[in-house]
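What follows is a set of notes on a single structure, which appears directly below.
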Amino acid sequence: MSAKFSIQDKTTPLRGVFSMRVIDRSGMVIREYRDHNMIVNSAREALAKLVSEGDPSKCISRFAVGINDESPTPTDTIITGMYRNAIVAHEFPEPGVVKFKWQLGYEEANGMNIVEYGLLCEDDSLFARKTREAIYKASDIAFDGEWSIIF
């Protein structure tokens, strides 16, 4: 008699959490936001290359803002009208979670009606995307935030 067994994946699918604060020049937080985001198909490719080949071009190194207000889909590949910055830092707050810290300063992306946010790999491929209500970026506000990816 042969033994029968099945292997079932009991893990949660790859997901992310986007949070940000809008800060005025006096340092006062004037708006806060937190929600889930779309992990796009190219993220799965990036992860496969990282775990199989250690490809440094697939490390998340940038944060981007843009102007496309269409809802995120897994097939998204770009941030429209992109302004990008380097990730400020990353940390591992618990097993299976990496949190990327990002900032957009008072003098950056001014004049943009920001509605779209993205995490980018070193090769500029899109890893995650989020849209939300538009914020007109002027020199009297800055953003800072965190973006957690949960494995």
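So you can find residues: chains in the structure tokens are A, B, ... in the order shown, residues in each start at 1, and ligands are numbered from 1 in order.
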
*Write out as a PyMOL selection string which residues come within 9 Å of Thr80 in chain A when counting only C-alpha atoms, dropping same-chain ones fewer than 5 positions away.*
chain A and resi 65-68+116

Using the selection just defined, write its residues with N, CA and C atoms as a short mmCIF file (atom, residue, chain, number, x, y, z; two decimals), in the first residue's frame.
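File written: part.cif
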```
data_model
loop_
_atom_site.label_atom_id
_atom_site.label_comp_id
_atom_site.auth_asym_id
_atom_site.auth_seq_id
_atom_site.Cartn_x
_atom_site.Cartn_y
_atom_site.Cartn_z
N VAL A 65 6.83 58.77 -7.62
CA VAL A 65 5.48 59.33 -7.65
C VAL A 65 5.16 59.67 -9.09
N GLY A 66 3.86 59.68 -9.42
CA GLY A 66 3.44 59.97 -10.78
C GLY A 66 2.02 60.50 -10.85
N ILE A 67 1.49 60.54 -12.06
CA ILE A 67 0.23 61.24 -12.32
C ILE A 67 -0.89 60.36 -12.87
N ASN A 68 -0.68 59.07 -13.02
CA ASN A 68 -1.69 58.17 -13.59
C ASN A 68 -2.66 57.72 -12.50
N GLU A 116 -0.16 58.74 -7.93
CA GLU A 116 0.39 57.41 -8.16
C GLU A 116 1.72 57.27 -7.43
#
```

_List the spatial neighbours of Ala138 in chain A as a list of chain:residue names - criterion: any atom at most 10 Å away, only C-alpha atoms, same-chain residues fewer than 3 positions off excluded._
A:Tyr106, A:Glu107, A:Glu108, A:Ala109, A:Asn110, A:Gly111, A:Met112, A:Asn113, A:Ile135, A:Ile141, A:Ala142

Go ahead and dump the residues you just picked, C-alpha atoms, as a short mmCIF file (atom, residue, chain, number, x, y, z; two decimals), in the first residue's frame.
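What follows is the written file part_2.cif:
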```cif
data_model
loop_
_atom_site.label_atom_id
_atom_site.label_comp_id
_atom_site.auth_asym_id
_atom_site.auth_seq_id
_atom_site.Cartn_x
_atom_site.Cartn_y
_atom_site.Cartn_z
CA TYR A 106 9.86 70.33 0.18
CA GLU A 107 11.83 71.16 -3.00
CA GLU A 108 11.05 67.94 -4.88
CA ALA A 109 8.32 67.18 -7.46
CA ASN A 110 6.75 70.62 -7.03
CA GLY A 111 3.91 71.34 -9.43
CA MET A 112 2.91 67.68 -9.74
CA ASN A 113 -0.62 66.53 -9.01
CA ILE A 135 -2.27 65.73 -3.72
CA ILE A 141 4.68 70.34 1.97
CA ALA A 142 6.87 67.23 2.13
#
```

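Of the listed residues (A:Arg25, A:His90, A:Arg129, A:Lys99), A:Arg129 comes nearest to Ile39 in chain A; the distances count only C-alpha atoms.
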
*Return the single residue from A:Ser52, A:Ile30, A:Ser19, A:Ser148 that is closest to Phe92 in chain A, with distances computed using only C-alpha atoms.*
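Of all the options, A:Ser148 lies closest to Phe92 in chain A.
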
*What gap, in Å, lies between CA of Leu14 in chain A and CA of Arg31 in chain A?*
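So the answer is 27.6 Å.
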
*Write out as a ChimeraX atom specification the residues lying within 7 Å of Glu32 in chain A, counting only C-alpha atoms and excluding same-chain residues fewer than 3 positions away.*
/A:20-22

_Measuring between only C-alpha atoms, which one of A:Val88, A:Val98, A:Leu104, A:Leu126 shows the shortest distance to Asp140 in chain A?_
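Answer, going by the shortest atom-to-atom distance: A:Leu104.
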
*Would you work out the distance separating CA of Ala128 in chain A from CA of Thr75 in chain A, expressed in Å to one decimal?*
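Separation between CA of Ala128 in chain A and CA of Thr75 in chain A: 10.7 Å.
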
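With CA of Gly81 in chain A on one side and CA of Glu133 in chain A on the other, the separation reads 16.4 Å.
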
*Near Arg15 in chain A, counting only C-alpha atoms, which residues have an atom at most 9 Å away, once you skip same-chain residues fewer than 5 positions from it, shown as a VMD selection string?*
chain A and resid 36 to 39 148 to 151

Would you mind writing down, as a short mmCIF file (atom, residue, chain, number, x, y, z; two decimals) with C-alpha atoms, in the first residue's frame, each residue of range 9-53 of chain A that DSSP on the backbone assigns to helix (DSSP H, G or I)?
```
data_model
loop_
_atom_site.label_atom_id
_atom_site.label_comp_id
_atom_site.auth_asym_id
_atom_site.auth_seq_id
_atom_site.Cartn_x
_atom_site.Cartn_y
_atom_site.Cartn_z
CA ASN A 41 3.78 40.73 -12.02
CA SER A 42 7.32 42.04 -12.56
CA ALA A 43 7.78 41.85 -8.76
CA ARG A 44 7.34 38.09 -8.91
CA GLU A 45 9.98 37.96 -11.66
CA ALA A 46 12.31 40.12 -9.53
CA LEU A 47 11.87 37.82 -6.53
CA ALA A 48 12.51 34.73 -8.62
CA LYS A 49 15.76 36.25 -9.92
CA LEU A 50 16.85 37.34 -6.46
CA VAL A 51 16.39 33.93 -4.90
CA SER A 52 17.84 32.03 -7.86
CA GLU A 53 20.62 34.25 -9.14
#
```

I need the strand (DSSP E or B) residues of chain A per DSSP on the backbone, written as a JSON list (two decimals) with N, CA and C atoms, in the first residue's frame.
```json
[["chain", "number", "residue", "atom", "x", "y", "z"],
["A", 15, "ARG", "N", 2.04, 40.49, -0.50],
["A", 15, "ARG", "CA", 1.22, 41.69, -0.39],
["A", 15, "ARG", "C", 2.04, 42.82, 0.19],
["A", 16, "GLY", "N", 1.48, 44.01, 0.20],
["A", 16, "GLY", "CA", 2.20, 45.16, 0.72],
["A", 16, "GLY", "C", 1.27, 46.14, 1.42],
["A", 17, "VAL", "N", 1.89, 47.01, 2.22],
["A", 17, "VAL", "CA", 1.17, 48.07, 2.93],
["A", 17, "VAL", "C", 1.89, 49.38, 2.67],
["A", 18, "PHE", "N", 1.14, 50.38, 2.20],
["A", 18, "PHE", "CA", 1.65, 51.70, 1.87],
["A", 18, "PHE", "C", 1.15, 52.68, 2.93],
["A", 19, "SER", "N", 2.06, 53.46, 3.49],
["A", 19, "SER", "CA", 1.63, 54.52, 4.42],
["A", 19, "SER", "C", 2.45, 55.76, 4.16],
["A", 20, "MET", "N", 1.82, 56.92, 4.39],
["A", 20, "MET", "CA", 2.53, 58.17, 4.19],
["A", 20, "MET", "C", 1.95, 59.26, 5.07],
["A", 21, "ARG", "N", 2.78, 60.28, 5.28],
["A", 21, "ARG", "CA", 2.39, 61.48, 5.99],
["A", 21, "ARG", "C", 2.74, 62.68, 5.13],
["A", 22, "VAL", "N", 1.86, 63.66, 5.09],
["A", 22, "VAL", "CA", 2.13, 64.94, 4.42],
["A", 22, "VAL", "C", 2.43, 65.92, 5.54],
["A", 23, "ILE", "N", 3.58, 66.60, 5.42],
["A", 23, "ILE", "CA", 4.09, 67.43, 6.50],
["A", 23, "ILE", "C", 4.28, 68.86, 5.99],
["A", 24, "ASP", "N", 3.77, 69.85, 6.76],
["A", 24, "ASP", "CA", 3.99, 71.24, 6.34],
["A", 24, "ASP", "C", 5.35, 71.71, 6.85],
["A", 29, "VAL", "N", 2.10, 67.34, 10.86],
["A", 29, "VAL", "CA", 1.50, 66.36, 9.96],
["A", 29, "VAL", "C", 0.10, 66.84, 9.62],
["A", 30, "ILE", "N", -0.14, 67.10, 8.31],
["A", 30, "ILE", "CA", -1.45, 67.62, 7.91],
["A", 30, "ILE", "C", -2.33, 66.56, 7.26],
["A", 31, "ARG", "N", -1.76, 65.41, 6.92],
["A", 31, "ARG", "CA", -2.53, 64.31, 6.35],
["A", 31, "ARG", "C", -1.78, 63.01, 6.57],
["A", 32, "GLU", "N", -2.50, 61.96, 6.91],
["A", 32, "GLU", "CA", -1.91, 60.62, 7.05],
["A", 32, "GLU", "C", -2.75, 59.64, 6.25],
["A", 33, "TYR", "N", -2.09, 58.59, 5.76],
["A", 33, "TYR", "CA", -2.77, 57.62, 4.90],
["A", 33, "TYR", "C", -2.10, 56.27, 5.06],
["A", 34, "ARG", "N", -2.89, 55.18, 5.06],
["A", 34, "ARG", "CA", -2.37, 53.81, 5.14],
["A", 34, "ARG", "C", -3.34, 52.89, 4.42],
["A", 35, "ASP", "N", -2.82, 52.03, 3.54],
["A", 35, "ASP", "CA", -3.66, 51.10, 2.80],
["A", 35, "ASP", "C", -2.78, 50.03, 2.15],
["A", 36, "HIS", "N", -3.42, 49.00, 1.62],
["A", 36, "HIS", "CA", -2.72, 47.96, 0.88],
["A", 36, "HIS", "C", -2.40, 48.45, -0.53],
["A", 37, "ASN", "N", -1.48, 47.78, -1.20],
["A", 37, "ASN", "CA", -1.08, 48.16, -2.55],
["A", 37, "ASN", "C", -1.05, 46.94, -3.46],
["A", 38, "MET", "N", -0.90, 47.19, -4.75],
["A", 38, "MET", "CA", -0.80, 46.13, -5.75],
["A", 38, "MET", "C", 0.66, 45.71, -5.92],
["A", 39, "ILE", "N", 0.93, 44.42, -5.78],
["A", 39, "ILE", "CA", 2.23, 43.85, -6.15],
["A", 39, "ILE", "C", 2.08, 43.40, -7.59],
["A", 60, "ILE", "N", 15.10, 46.45, -4.55],
["A", 60, "ILE", "CA", 14.28, 47.66, -4.49],
["A", 60, "ILE", "C", 15.15, 48.78, -3.95],
["A", 61, "SER", "N", 15.29, 49.84, -4.74],
["A", 61, "SER", "CA", 16.19, 50.93, -4.35],
["A", 61, "SER", "C", 15.59, 52.31, -4.51],
["A", 62, "ARG", "N", 14.42, 52.41, -5.15],
["A", 62, "ARG", "CA", 13.83, 53.71, -5.42],
["A", 62, "ARG", "C", 12.33, 53.73, -5.11],
["A", 63, "PHE", "N", 11.87, 54.93, -4.83],
["A", 63, "PHE", "CA", 10.46, 55.24, -4.63],
["A", 63, "PHE", "C", 10.08, 56.25, -5.70],
["A", 64, "ALA", "N", 8.89, 56.12, -6.29],
["A", 64, "ALA", "CA", 8.49, 57.05, -7.35],
["A", 64, "ALA", "C", 7.08, 57.56, -7.12],
["A", 65, "VAL", "N", 6.83, 58.77, -7.62],
["A", 65, "VAL", "CA", 5.48, 59.33, -7.65],
["A", 65, "VAL", "C", 5.16, 59.67, -9.09],
["A", 66, "GLY", "N", 3.86, 59.68, -9.42],
["A", 66, "GLY", "CA", 3.44, 59.97, -10.78],
["A", 66, "GLY", "C", 2.02, 60.50, -10.85],
["A", 83, "TYR", "N", 8.59, 60.98, -11.03],
["A", 83, "TYR", "CA", 9.66, 61.62, -10.26],
["A", 83, "TYR", "C", 10.09, 60.57, -9.26],
["A", 84, "ARG", "N", 11.39, 60.29, -9.16],
["A", 84, "ARG", "CA", 11.84, 59.22, -8.27],
["A", 84, "ARG", "C", 12.95, 59.69, -7.35],
["A", 85, "ASN", "N", 13.03, 59.00, -6.23],
["A", 85, "ASN", "CA", 14.04, 59.23, -5.20],
["A", 85, "ASN", "C", 14.59, 57.89, -4.74],
["A", 86, "ALA", "N", 15.78, 57.94, -4.18],
["A", 86, "ALA", "CA", 16.33, 56.73, -3.56],
["A", 86, "ALA", "C", 15.54, 56.39, -2.29],
["A", 89, "ALA", "N", 15.90, 54.13, 3.69],
["A", 89, "ALA", "CA", 16.39, 53.02, 4.51],
["A", 89, "ALA", "C", 15.43, 51.85, 4.38],
["A", 90, "HIS", "N", 15.88, 50.70, 4.83],
["A", 90, "HIS", "CA", 14.97, 49.56, 4.93],
["A", 90, "HIS", "C", 15.28, 48.83, 6.23],
["A", 91, "GLU", "N", 14.27, 48.12, 6.72],
["A", 91, "GLU", "CA", 14.42, 47.35, 7.95],
["A", 91, "GLU", "C", 13.54, 46.11, 7.87],
["A", 92, "PHE", "N", 13.78, 45.20, 8.79],
["A", 92, "PHE", "CA", 13.03, 43.95, 8.85],
["A", 92, "PHE", "C", 12.32, 43.90, 10.20],
["A", 93, "PRO", "N", 11.11, 44.49, 10.31],
["A", 93, "PRO", "CA", 10.43, 44.61, 11.60],
["A", 93, "PRO", "C", 9.95, 43.28, 12.18],
["A", 94, "GLU", "N", 9.78, 42.28, 11.33],
["A", 94, "GLU", "CA", 9.39, 40.95, 11.79],
["A", 94, "GLU", "C", 9.71, 39.96, 10.68],
["A", 97, "VAL", "N", 8.86, 40.23, 6.59],
["A", 97, "VAL", "CA", 8.45, 41.60, 6.27],
["A", 97, "VAL", "C", 9.69, 42.46, 6.06],
["A", 98, "VAL", "N", 9.69, 43.22, 4.97],
["A", 98, "VAL", "CA", 10.71, 44.25, 4.77],
["A", 98, "VAL", "C", 9.98, 45.59, 4.63],
["A", 99, "LYS", "N", 10.44, 46.59, 5.36],
["A", 99, "LYS", "CA", 9.82, 47.92, 5.34],
["A", 99, "LYS", "C", 10.81, 48.90, 4.72],
["A", 100, "PHE", "N", 10.37, 49.55, 3.63],
["A", 100, "PHE", "CA", 11.18, 50.55, 2.95],
["A", 100, "PHE", "C", 10.72, 51.93, 3.40],
["A", 101, "LYS", "N", 11.65, 52.78, 3.80],
["A", 101, "LYS", "CA", 11.32, 54.15, 4.21],
["A", 101, "LYS", "C", 11.66, 55.08, 3.05],
["A", 102, "TRP", "N", 10.76, 56.03, 2.80],
["A", 102, "TRP", "CA", 10.93, 56.95, 1.67],
["A", 102, "TRP", "C", 10.55, 58.36, 2.08],
["A", 103, "GLN", "N", 11.05, 59.34, 1.30],
["A", 103, "GLN", "CA", 10.75, 60.75, 1.55],
["A", 103, "GLN", "C", 10.65, 61.50, 0.23],
["A", 104, "LEU", "N", 9.87, 62.54, 0.24],
["A", 104, "LEU", "CA", 9.78, 63.49, -0.86],
["A", 104, "LEU", "C", 9.85, 64.86, -0.21],
["A", 113, "ASN", "N", 0.62, 66.96, -9.65],
["A", 113, "ASN", "CA", -0.62, 66.53, -9.01],
["A", 113, "ASN", "C", -0.46, 65.03, -8.76],
["A", 114, "ILE", "N", 0.12, 64.67, -7.62],
["A", 114, "ILE", "CA", 0.55, 63.29, -7.35],
["A", 114, "ILE", "C", -0.65, 62.43, -6.97],
["A", 115, "VAL", "N", -0.80, 61.34, -7.72],
["A", 115, "VAL", "CA", -1.88, 60.41, -7.48],
["A", 115, "VAL", "C", -1.38, 58.96, -7.48],
["A", 116, "GLU", "N", -0.16, 58.74, -7.93],
["A", 116, "GLU", "CA", 0.39, 57.41, -8.16],
["A", 116, "GLU", "C", 1.72, 57.27, -7.43],
["A", 117, "TYR", "N", 1.93, 56.09, -6.84],
["A", 117, "TYR", "CA", 3.14, 55.82, -6.07],
["A", 117, "TYR", "C", 3.68, 54.46, -6.49],
["A", 118, "GLY", "N", 5.00, 54.29, -6.49],
["A", 118, "GLY", "CA", 5.57, 53.02, -6.87],
["A", 118, "GLY", "C", 6.88, 52.72, -6.18],
["A", 119, "LEU", "N", 7.18, 51.45, -6.03],
["A", 119, "LEU", "CA", 8.49, 50.99, -5.62],
["A", 119, "LEU", "C", 9.18, 50.47, -6.86],
["A", 120, "LEU", "N", 10.45, 50.85, -7.04],
["A", 120, "LEU", "CA", 11.21, 50.47, -8.22],
["A", 120, "LEU", "C", 12.44, 49.67, -7.83],
["A", 121, "CYS", "N", 12.79, 48.70, -8.67],
["A", 121, "CYS", "CA", 14.04, 47.97, -8.52],
["A", 121, "CYS", "C", 15.18, 48.82, -9.08],
["A", 126, "LEU", "N", 9.19, 48.12, -12.19],
["A", 126, "LEU", "CA", 8.19, 48.40, -11.16],
["A", 126, "LEU", "C", 7.97, 47.16, -10.30],
["A", 127, "PHE", "N", 7.97, 47.35, -8.98],
["A", 127, "PHE", "CA", 7.74, 46.25, -8.05],
["A", 127, "PHE", "C", 6.34, 46.32, -7.45],
["A", 128, "ALA", "N", 5.92, 47.48, -7.03],
["A", 128, "ALA", "CA", 4.60, 47.67, -6.42],
["A", 128, "ALA", "C", 4.05, 49.03, -6.83],
["A", 129, "ARG", "N", 2.71, 49.14, -6.86],
["A", 129, "ARG", "CA", 2.07, 50.38, -7.29],
["A", 129, "ARG", "C", 0.84, 50.65, -6.44],
["A", 130, "LYS", "N", 0.61, 51.93, -6.18],
["A", 130, "LYS", "CA", -0.53, 52.38, -5.39],
["A", 130, "LYS", "C", -1.06, 53.68, -5.98],
["A", 131, "THR", "N", -2.38, 53.83, -6.04],
["A", 131, "THR", "CA", -2.98, 55.11, -6.39],
["A", 131, "THR", "C", -3.87, 55.54, -5.23],
["A", 132, "ARG", "N", -4.07, 56.85, -5.13],
["A", 132, "ARG", "CA", -4.95, 57.40, -4.10],
["A", 132, "ARG", "C", -5.37, 58.79, -4.56],
["A", 133, "GLU", "N", -6.17, 59.48, -3.75],
["A", 133, "GLU", "CA", -6.63, 60.80, -4.16],
["A", 133, "GLU", "C", -5.44, 61.72, -4.41],
["A", 134, "ALA", "N", -5.62, 62.62, -5.36],
["A", 134, "ALA", "CA", -4.53, 63.51, -5.77],
["A", 134, "ALA", "C", -4.13, 64.47, -4.65],
["A", 135, "ILE", "N", -2.83, 64.70, -4.59],
["A", 135, "ILE", "CA", -2.27, 65.73, -3.72],
["A", 135, "ILE", "C", -1.41, 66.62, -4.60],
["A", 136, "TYR", "N", -1.73, 67.90, -4.63],
["A", 136, "TYR", "CA", -0.91, 68.84, -5.39],
["A", 136, "TYR", "C", 0.35, 69.11, -4.58],
["A", 141, "ILE", "N", 4.93, 71.66, 1.38],
["A", 141, "ILE", "CA", 4.68, 70.34, 1.97],
["A", 141, "ILE", "C", 5.77, 69.35, 1.56],
["A", 142, "ALA", "N", 5.97, 68.36, 2.41],
["A", 142, "ALA", "CA", 6.87, 67.23, 2.13],
["A", 142, "ALA", "C", 6.12, 65.96, 2.50],
["A", 143, "PHE", "N", 6.59, 64.83, 1.99],
["A", 143, "PHE", "CA", 6.00, 63.54, 2.32],
["A", 143, "PHE", "C", 7.08, 62.70, 2.97],
["A", 144, "ASP", "N", 6.68, 61.85, 3.90],
["A", 144, "ASP", "CA", 7.54, 60.74, 4.29],
["A", 144, "ASP", "C", 6.65, 59.55, 4.57],
["A", 145, "GLY", "N", 7.21, 58.38, 4.34],
["A", 145, "GLY", "CA", 6.36, 57.21, 4.49],
["A", 145, "GLY", "C", 7.15, 55.92, 4.56],
["A", 146, "GLU", "N", 6.39, 54.86, 4.69],
["A", 146, "GLU", "CA", 6.93, 53.50, 4.70],
["A", 146, "GLU", "C", 6.13, 52.65, 3.75],
["A", 147, "TRP", "N", 6.79, 51.68, 3.18],
["A", 147, "TRP", "CA", 6.13, 50.73, 2.30],
["A", 147, "TRP", "C", 6.62, 49.35, 2.70],
["A", 148, "SER", "N", 5.74, 48.55, 3.27],
["A", 148, "SER", "CA", 6.11, 47.21, 3.72],
["A", 148, "SER", "C", 5.68, 46.18, 2.70],
["A", 149, "ILE", "N", 6.58, 45.26, 2.43],
["A", 149, "ILE", "CA", 6.27, 44.11, 1.59],
["A", 149, "ILE", "C", 6.27, 42.89, 2.51],
["A", 150, "ILE", "N", 5.20, 42.12, 2.43],
["A", 150, "ILE", "CA", 4.99, 40.99, 3.33],
["A", 150, "ILE", "C", 5.04, 39.70, 2.53]]
```

*asked:* Could you check the closest approach to Asp76 in chain A for each of A:Gly96, A:Val40, A:Lys58, A:Gly105 and tell me which residue wins, using only C-alpha atoms?
replied: A:Val40
